[in-house]
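Trainee: Let me give you the structure first, and then I'll get to my questions.
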Amino acid sequence: MGKKGLRIGAFFAIVIALGVLIAQTATDVARDTNLGLDLQGGFEVLYELQPEDGELTQEDIQSTATALNQRVNVLGVSEPAISVEGEDRIRVQLPGVEDQQTARETLGTEAELSFRDINDNLLMTGESLQQGGSQATFNENNEPIVSLTISDGELFGEITTELSQNSYPDNLLVIWLDYEEGMTFEEEAQKEDPAFMSAATVNQTLTTDASITGNFTLEETEFLADILNAGSLPVSLEEVYSNAVGASLGEQALQQTLFAGMIGVALIFLYMIGYYRFMGVIATITLSVYIYLVMIFFNAIQGVLTLPGIAALILGVGMAVDANILTYERIKEELKDGKSMKSAYKAGSRRALGTIIDANITTIIAAAVMFYFGTSAVQGFAVMLIVSILTSFITAVWGARLLLGLWINSRVLNRKYWLFGVKGRDVRGL
Amino acid sequence: MFVDFNMANKNIDLIKHRKKYFSLSIIIVLIGTILLSTVGLNLGIDFESGTRVDIASDAPLTEEEVADHFIQAGGYEPDDITLAGDNNEQASARFIGAMPQEDVTTIQSYFIDEFGEEPSVSTVSPQIGRELAQNAIIATLIAAFGIVIYVAFRFEFLYGVAAVVALLYDAFFVLTMFSIFQLEVNIPFIAAILTVVGYSINDTIVTFDRIRENMKKQDEIKGFDHLAKVVNDSLLQTLTRSINTVLTVLFAAVAIWLLGSSAIMSFAFAIVIGLIAGTYSSLFLAAQLWLVMKHRSLERQKNKPVEAEEY
C-alpha cells in the first residue's frame with residue numbers, strides 16, 4: 001500500500017470514525033437538547049411589575065424574581081427560566097409543566113397574607129410570619145389546616161389579647177390572602193365562597209402559633225403552606241402576555257418539523273450528489289457532521305431550541321451548503337480552465353474562502369446586532385445563527401477541504417472529470 | 001441526469017432590461033405600500049390584544065362543532081375559528097381582547113375533560129405585541145446599518161448601500177405577500193423575516209465579491225457598457241452558485257412548509273417567498289443598482305477636474 005492507499009485509507013478511517021461517533025451519541029445529544037415550550041408544551045407568562053406605592057426599585061425587581069423562582073420550585077419544573085426584561089417586566093418560562101392552571105395560580109398570587117378584624121382594619125401583615133414556618137397539618141377534628149409560626153410574638157400577643165376581650169363576632173380574626181381595597185368581611189361572609197381564607201374566634205392570648213382553618217382539602221392546605229413559605233411578592237403582578245402550549249400540540253409540532261427537516265436535508269444531499277457528484281458526497285459527509293456539531297455546541301451553551309431556532313438552523317444549513325457550493329463551483333471553473341486536479345482544488349478553495357468569509361461575517365454582524373438589541377424570540381434566532389455559522393467554518397471549510405484533499409492528493413481522481421460534474425469537452429485544451 | 005447550468009459561457013445579457021427590473025421593484029413597493037396602509041396585515045394575537053386557543057382532537061372537527069364546544073364551555077364565542085391538520089383534527093379559535101385568567105382556566109378544564117388533551121392558550125396585551133414588532137424592526141435597521149459599515153470597510157460604500165436596499169426590499173416583499181394572502185403574522189414570522197434578511201445579505205455579498213474581483217482585473221473602466229459587461233459577467237459566473245444555493249435552501253424550507261407543523265406553516269411560507277425574493281434582488285436589484293450608482297460616481301470623478309478648470 002503506497003502513499004495513494006494511505007490517503008484513501010485515512011479518508012475512510014475518518015469517515016467511519018465519525019459515523020460510529022455520531023451513531024453512538026446522536027440519541028444522547030438529542031436528549032440533552034433543551035426544547036422551548038413551543039416544541040414540548042409548557043407555560044410562559046410575562047408579568048409587568050406594579051409597585052404598591054411610588055417607584056419600582058431594582059431591589060423590588062430582584063426580590064420579585066427570587067420569590068417567583070421559589071414558587072417555580074414549588075411546582076417542580078425542571079428547566080424553568082426567569083428573566084428580567086426591560087425596566088419593569090419579568091418573563092417566566094416553564095417548559096414541560098404538566099398542570100398549567102396550578103402553575104398560573106401559583107405564580108400569579110401575591111401571597112400577601114393579612115390579619116384583619118371584622119371591620120377590615122389591618123392588624124398584622126404576612127411579614128410577621130416566620131420564613132418557612134408554615135405547614136399543612138390537621139386540627140383536632142382531623143380537618144386539614146395550615147399552621148403558621150409568627151416571628152413577632154409580642155405584636156401577635158397584643159392583637160389576640162385585645163380581640164379575646166371582645167364578644168362574638170367582634171372577637172373574630174380574619175385572615176386574608178391578597179386582600180384588595182374595597183373588599184369587606186361583612187360582604188364576603190355572606191358568600192358561599194368568601195374571598196378571605198379563614199375567620200377564627202380568638203378566646204385567648206396567642207403568641208407564636210396561629211392557624212388558618214376553613215373548608216380546605218389537604219391539597220389546598222399544602223398549596224397554601226408552600227406559597228406562604230415561598231414568600232410574598234413586594235409588588236403586584238399584571239399578566240401582559242401568556243402563552244400555554246399543550247404538551248401534545250408541542251410534541252406534534254416537534255415531530256412534524258423534525259420529519260420535514262429530515263426530508264429537506266435528504267433532498268439537499270441527493271441534489272448535491274447529483275450535481276457535484278464526488279464533491280457532493282464529501283458535502284453530504286461534512287453536512288451530517290455539521291448538523292451533529294451544531295447541536296453539540298448549542299447544548300454546550302445551554303441554548304433552548306425553539307421554532308425560530310429551527311429557522312436559524314435551516315438558514316445555517318443553507319449557508320454551510322453555500323460554502324460547499326462556492327468552493328465546488330470555483331474548483332469546476334478552474335478545472336474548465338484546464339488546470340490540473342491539484343492546482344484547481346487549491347486555487348478553487350483559496351478563492352472561495354475570501355467570499356465565504358465576507359458573506360459569513362456580514363451575516364454574523366447582523367445576527368450579533370439582533371442578539372444585542374432583540375428580545376427573546378429574536379435572540380433565540382440570533383444565537384442559533386451565530387453557532388451555525390461558526391460551525392460551518394469547521395465543517396464546510398476546514399472539514400471539506402481535509403476530506404477532499406485526501407482524495408485529490410492521492411491522485412486517483414486525476415482526469416476523472418465526470419466525477420466532478422465537469423464535461424470533458426468543456427475543459428480548455430483537452 | 002442533471003443539467004449543468006453552465007451559464008458563464010452563455011451569451012445572456014442580464015443588464016439590458018435593468019430599467020424593467022427597477023420598475024417592477026418600484027411597482028411592487030408601491031403595491032405593498034398601498035396594501036399595507038389599506039388592507040394591512042392579518043396580525044395574529046401576538047401583535048394584537050387577544051386570546052388564541054388551539055385544540056387537538058382524535059376525530060376530525062368542523063367549525064360548528066368547535067363553536068358549540070366553546071358555548072358549552074361557558075358561553076364563549078370565538079371571533080374566528082380556523083381548522084388545521086391533515087384531517088382537520090386541530091382547530092384554533094381567536095378571541096379579540098385579552099381573556100381574564102379565570103376564563104382561560106375554565107376553557108382549559110373544559111377541553112381537558114372533553115378531548116383528554118390540554119389546549120394551548122395564549123393571551124397578549126396590546127402593548128407587548130407592538131413592542132415586539134418594533135423591537136424586531138429596530139434590530140433589523142441597526143443590523144442593516146452595521147452591514148453598510150462593514151461592507152463599506154471591506155468593499156466600498158456603494159456596495160453597502162445596494163446590499164441594504166436589497167435586503168430591505170426582500171423584507172418588504174414578504175410583508176406585501178402576507179398582506180395580499182392575508183396570512184397570519186405572528187412571532188415566528190419575525191424569525192422568518194430575519195432569516196430572509198440573513199439569506200439576502202449572504203447572497204448579495206457573494207455576487208458583490210465576484211464583481212469586486214472582476215473589477216480588480218480591469219485597468220480602466222471605459223464607459224457604462226464596459227462596467228455593465230463586468231457586472232453581467234460576474235452575475236453569470238455566480239449564477240450557477242446562486243441557483244444551486246437557493247434550490248438547496250428551498251428544499252428544506254418547502255419541506256417544512258408542506259410537511260411541518262401547522263404552527264410554522266406560514267413561517268416556512270415566508271421563508272420560501274423570501275428566498276426567491278432574495279435571489280431575485282441579488283441578481284436584478286442589488287448588482288444593477290450598484291452598476292448605476294457606480295457609473296454615476298465614476299462620471300462625477302471624471303467631470304471634477306473639468307469643473308475645476310472652469311473656475
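Each chain of the C-alpha cells is named A, B, ... in the order shown, its residues numbered from 1; ligands are numbered from 1 in display order.
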Determine, using only C-alpha atoms, which residues of chain B have any atom at most 7 Å from an atom of chain A, and tabulate each with its shortest atom pair and distance in Å to one decimal place, rows ordered by chain and then rising number, as a tab-separated table.
Mentor:
residue	atom	partner	partner_atom	distance
B:Phe2	CA	A:Tyr275	CA	6.1
B:Thr105	CA	A:Gln101	CA	6.1
B:Glu118	CA	A:Gly246	CA	4.9
B:Pro119	CA	A:Gly246	CA	5.0
B:Ser120	CA	A:Val245	CA	4.0
B:Val121	CA	A:Ala244	CA	4.8
B:Ser122	CA	A:Asn243	CA	3.8
B:Thr123	CA	A:Ser242	CA	5.1
B:Val124	CA	A:Tyr241	CA	4.3
B:Ser125	CA	A:Val240	CA	5.1
B:Ile128	CA	A:Val240	CA	6.9
B:Asn135	CA	A:Gly374	CA	6.1
B:Ala136	CA	A:Gly374	CA	6.2
B:Ala139	CA	A:Met370	CA	5.2
B:Thr140	CA	A:Met370	CA	6.8
B:Ile142	CA	A:Val369	CA	6.9
B:Ala143	CA	A:Ala366	CA	4.7
B:Gly146	CA	A:Ile365	CA	6.8
B:Ile147	CA	A:Thr362	CA	6.1
B:Pro188	CA	A:Pro308	CA	5.8
B:Ala191	CA	A:Pro308	CA	5.3
B:Ala192	CA	A:Ala311	CA	6.9
B:Thr195	CA	A:Leu315	CA	6.4
B:Gly198	CA	A:Thr363	CA	5.7
B:Ile201	CA	A:Thr363	CA	6.6
B:Asn202	CA	A:Ala359	CA	4.9
B:Ile205	CA	A:Ala359	CA	5.4
B:Val206	CA	A:Thr355	CA	5.9
B:Asp209	CA	A:Thr355	CA	6.0
B:Arg241	CA	A:Ile325	CA	6.2
B:Thr245	CA	A:Asp322	CA	5.5
B:Thr248	CA	A:Ile268	CA	5.2
B:Val249	CA	A:Gly318	CA	5.0
B:Phe251	CA	A:Gly264	CA	5.1
B:Ala252	CA	A:Gly264	CA	3.9
B:Ala255	CA	A:Ala260	CA	5.2
B:Ile256	CA	A:Ala260	CA	4.9
B:Leu259	CA	A:Ala260	CA	5.2
B:Gly260	CA	A:Thr257	CA	4.4
B:Ser261	CA	A:Ala253	CA	4.7
B:Ala263	CA	A:Ala253	CA	7.0
Trainee: Could you jot down the CA of Thr213 in chain A to CA of Val74 in chain A separation for me, Å, one decimal place?
Mentor: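 It comes out at 22.0 Å.
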Trainee: Tell me which protein, DNA and RNA residues are within 10 Å of Ile180 in chain B, counting only C-alpha atoms, leaving out same-chain ones fewer than 2 positions away, and put them as a list in words.
Mentor: Ile31, Gly32, Leu35, Leu36, Val39, Gly40, Leu41, Asn42, Val174, Leu175, Thr176, Met177, Phe178, Gln182 and Leu183 of chain B
Trainee: For each of A:Asp170, A:Ser83, A:Phe216, A:Leu18, take the minimum atom-to-atom distance to Asp193 in chain A, counting only C-alpha atoms, then give the residue where this is smallest.
Mentor: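 Nearest to Asp193 in chain A: A:Phe216.
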Trainee: Check range 40-231 of chain B with DSSP on the backbone and list each residue it calls helix (DSSP H, G or I), as a PyMOL selection string.
Mentor: chain B and resi 63-74+101-115+126-154+157-181+187-217+223-231
Trainee: Residues of the last selection are to be written out with C-alpha atoms, as a CSV table (one decimal), in the first residue's frame.
Mentor:
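This is the output file result.csv:
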chain,number,residue,atom,x,y,z
B,63,GLU,CA,-66.1,24.9,12.7
B,64,GLU,CA,-69.6,24.5,14.0
B,65,GLU,CA,-68.5,21.7,16.4
B,66,VAL,CA,-65.7,23.9,17.7
B,67,ALA,CA,-68.1,26.8,18.2
B,68,ASP,CA,-70.5,24.6,20.0
B,69,HIS,CA,-67.8,23.4,22.3
B,70,PHE,CA,-66.9,26.9,23.3
B,71,ILE,CA,-70.5,27.8,24.0
B,72,GLN,CA,-70.8,24.7,26.2
B,73,ALA,CA,-67.6,25.5,27.9
B,74,GLY,CA,-69.2,28.7,29.3
B,101,GLN,CA,-57.2,34.2,33.7
B,102,GLU,CA,-60.3,32.6,35.2
B,103,ASP,CA,-61.9,32.2,31.7
B,104,VAL,CA,-58.7,30.6,30.4
B,105,THR,CA,-58.8,28.1,33.3
B,106,THR,CA,-62.4,27.3,32.6
B,107,ILE,CA,-61.7,26.7,28.9
B,108,GLN,CA,-58.6,24.6,29.6
B,109,SER,CA,-60.5,22.4,32.1
B,110,TYR,CA,-63.4,22.0,29.6
B,111,PHE,CA,-61.3,20.8,26.8
B,112,ILE,CA,-59.2,18.5,29.0
B,113,ASP,CA,-62.4,16.8,30.1
B,114,GLU,CA,-63.9,16.7,26.6
B,115,PHE,CA,-60.8,15.8,24.5
B,126,PRO,CA,-51.7,45.1,23.0
B,127,GLN,CA,-48.5,46.9,24.0
B,128,ILE,CA,-46.4,43.7,24.2
B,129,GLY,CA,-47.1,42.7,20.6
B,130,ARG,CA,-46.4,46.2,19.3
B,131,GLU,CA,-43.2,46.4,21.3
B,132,LEU,CA,-42.0,43.1,20.0
B,133,ALA,CA,-42.6,44.1,16.4
B,134,GLN,CA,-41.0,47.5,17.0
B,135,ASN,CA,-38.0,45.8,18.6
B,136,ALA,CA,-37.6,43.5,15.6
B,137,ILE,CA,-37.8,46.4,13.2
B,138,ILE,CA,-35.3,48.4,15.2
B,139,ALA,CA,-32.9,45.4,15.5
B,140,THR,CA,-33.1,44.9,11.7
B,141,LEU,CA,-32.4,48.5,10.9
B,142,ILE,CA,-29.4,48.7,13.3
B,143,ALA,CA,-28.2,45.4,11.7
B,144,ALA,CA,-28.6,47.0,8.3
B,145,PHE,CA,-26.5,49.9,9.4
B,146,GLY,CA,-23.8,47.6,10.8
B,147,ILE,CA,-23.8,45.8,7.4
B,148,VAL,CA,-23.3,49.1,5.5
B,149,ILE,CA,-20.3,49.9,7.7
B,150,TYR,CA,-18.7,46.5,7.3
B,151,VAL,CA,-19.3,46.3,3.6
B,152,ALA,CA,-18.1,49.9,3.2
B,153,PHE,CA,-15.0,49.0,5.0
B,154,ARG,CA,-14.3,45.6,3.3
B,157,PHE,CA,-19.6,52.3,0.4
B,158,LEU,CA,-21.8,51.9,-2.7
B,159,TYR,CA,-21.8,48.1,-2.3
B,160,GLY,CA,-23.1,48.5,1.2
B,161,VAL,CA,-25.9,50.8,0.1
B,162,ALA,CA,-27.0,48.5,-2.7
B,163,ALA,CA,-26.9,45.4,-0.3
B,164,VAL,CA,-29.1,47.2,2.2
B,165,VAL,CA,-31.6,48.3,-0.4
B,166,ALA,CA,-31.9,44.7,-1.5
B,167,LEU,CA,-32.4,43.3,2.0
B,168,LEU,CA,-35.0,45.9,2.9
B,169,TYR,CA,-36.7,45.2,-0.4
B,170,ASP,CA,-36.8,41.5,0.4
B,171,ALA,CA,-38.3,42.0,3.9
B,172,PHE,CA,-40.8,44.4,2.4
B,173,PHE,CA,-41.7,41.9,-0.4
B,174,VAL,CA,-42.5,39.2,2.2
B,175,LEU,CA,-44.7,41.7,4.1
B,176,THR,CA,-46.5,42.6,0.9
B,177,MET,CA,-47.2,38.9,0.1
B,178,PHE,CA,-48.5,38.4,3.6
B,179,SER,CA,-50.8,41.3,3.1
B,180,ILE,CA,-52.0,40.0,-0.3
B,181,PHE,CA,-52.8,36.5,1.0
B,187,ILE,CA,-43.8,35.8,16.4
B,188,PRO,CA,-42.3,33.0,14.3
B,189,PHE,CA,-43.0,35.3,11.3
B,190,ILE,CA,-40.4,37.7,12.7
B,191,ALA,CA,-37.9,34.9,12.7
B,192,ALA,CA,-38.8,34.2,9.1
B,193,ILE,CA,-38.2,37.8,8.1
B,194,LEU,CA,-34.8,37.7,9.9
B,195,THR,CA,-33.9,34.5,8.0
B,196,VAL,CA,-34.8,36.2,4.8
B,197,VAL,CA,-32.6,39.2,5.7
B,198,GLY,CA,-29.7,36.9,6.6
B,199,TYR,CA,-30.0,35.0,3.3
B,200,SER,CA,-30.4,38.2,1.3
B,201,ILE,CA,-27.1,39.6,2.8
B,202,ASN,CA,-25.3,36.3,2.2
B,203,ASP,CA,-26.5,36.1,-1.4
B,204,THR,CA,-25.8,39.7,-2.3
B,205,ILE,CA,-22.3,39.7,-0.8
B,206,VAL,CA,-21.3,36.6,-2.8
B,207,THR,CA,-22.4,38.4,-6.0
B,208,PHE,CA,-20.6,41.6,-5.0
B,209,ASP,CA,-17.5,39.6,-4.1
B,210,ARG,CA,-17.3,38.4,-7.7
B,211,ILE,CA,-17.9,41.9,-9.1
B,212,ARG,CA,-15.1,43.3,-6.9
B,213,GLU,CA,-12.8,40.5,-8.1
B,214,ASN,CA,-13.5,41.2,-11.7
B,215,MET,CA,-13.2,45.0,-11.2
B,216,LYS,CA,-9.7,44.5,-10.0
B,217,LYS,CA,-8.8,42.8,-13.2
B,223,GLY,CA,-17.8,53.9,-20.1
B,224,PHE,CA,-21.0,52.4,-19.0
B,225,ASP,CA,-21.0,49.4,-21.4
B,226,HIS,CA,-17.7,48.3,-20.0
B,227,LEU,CA,-18.9,48.5,-16.4
B,228,ALA,CA,-22.1,46.7,-17.4
B,229,LYS,CA,-20.2,43.9,-19.0
B,230,VAL,CA,-18.1,43.4,-15.8
B,231,VAL,CA,-21.3,43.2,-13.8
Trainee: Contacts of Lys346 in chain A at 10 Å or less, counting only C-alpha atoms, minus same-chain residues fewer than 4 places along, as an mmCIF file with N, CA and C atoms, in the first residue's frame?
Mentor:
data_model
loop_
_atom_site.group_PDB
_atom_site.id
_atom_site.type_symbol
_atom_site.label_atom_id
_atom_site.label_comp_id
_atom_site.auth_asym_id
_atom_site.auth_seq_id
_atom_site.Cartn_x
_atom_site.Cartn_y
_atom_site.Cartn_z
ATOM 1 N N ARG A 330 -15.998 27.047 -7.848
ATOM 2 C CA ARG A 330 -14.676 27.583 -8.162
ATOM 3 C C ARG A 330 -13.761 26.491 -8.691
ATOM 4 N N ILE A 331 -13.802 25.319 -8.042
ATOM 5 C CA ILE A 331 -12.947 24.222 -8.490
ATOM 6 C C ILE A 331 -13.329 23.832 -9.921
ATOM 7 N N GLU A 334 -11.953 26.313 -12.336
ATOM 8 C CA GLU A 334 -10.512 26.146 -12.531
ATOM 9 C C GLU A 334 -10.230 24.919 -13.395
ATOM 10 N N SER A 340 -4.721 21.437 -13.534
ATOM 11 C CA SER A 340 -4.663 20.061 -13.047
ATOM 12 C C SER A 340 -5.585 19.934 -11.842
ATOM 13 N N MET A 341 -5.962 18.709 -11.521
ATOM 14 C CA MET A 341 -6.839 18.459 -10.381
ATOM 15 C C MET A 341 -6.344 19.184 -9.140
ATOM 16 N N LYS A 342 -5.051 19.008 -8.868
ATOM 17 C CA LYS A 342 -4.491 19.506 -7.627
ATOM 18 C C LYS A 342 -4.488 21.036 -7.588
ATOM 19 N N ARG A 350 -8.971 28.364 -2.253
ATOM 20 C CA ARG A 350 -8.453 29.628 -1.745
ATOM 21 C C ARG A 350 -9.358 30.788 -2.156
ATOM 22 N N ARG A 351 -9.740 30.787 -3.414
ATOM 23 C CA ARG A 351 -10.566 31.900 -3.902
ATOM 24 C C ARG A 351 -11.939 31.911 -3.259
ATOM 25 N N ARG A 401 -12.321 20.566 3.053
ATOM 26 C CA ARG A 401 -11.001 20.644 2.436
ATOM 27 C C ARG A 401 -10.157 19.432 2.783
ATOM 28 N N GLY A 405 -9.146 16.936 0.075
ATOM 29 C CA GLY A 405 -7.694 16.989 -0.105
ATOM 30 C C GLY A 405 -7.066 15.605 -0.101
ATOM 31 N N ILE A 408 -7.759 14.208 -3.536
ATOM 32 C CA ILE A 408 -7.059 14.929 -4.598
ATOM 33 C C ILE A 408 -5.573 14.578 -4.566
#
Trainee: Could you list, as a list in words, every residue within 8 Å of range 75-90 of chain B, counting only C-alpha atoms and ignoring same-chain residues fewer than 4 positions away?
Mentor: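 Result of the neighbour search: Asp54, Ile55, Ala56, Ser57, Asp58, Ala59, Pro60, Leu61, Thr62, Glu63, Val66, Ala67, Phe70, Ile71, Arg94, Phe95, Ile96 and Ser262 of chain B.
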Trainee: Can you pull out every residue within 10 Å of Tyr179 in chain A, counting only C-alpha atoms, but drop anything in the same chain fewer than 6 positions away, and send it as a ChimeraX atom specification?
Mentor: /A:110-116,120,195-196
Trainee: Here is a test: counting only C-alpha atoms, which residue of B:Val53, B:Ala253, B:Asp13, B:Glu299 is nearest to Leu275 in chain B?
Mentor: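 Nearest to Leu275 in chain B: B:Ala253.
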Trainee: Please provide the set of residues having any atom within 12 Å of range 62-66 of chain A, restricted to only C-alpha atoms, with same-chain residues fewer than 5 positions apart removed, written as a ChimeraX atom specification.
Mentor: /A:46-51,56-57,71-73,81-85,87-92,107-111,230-237
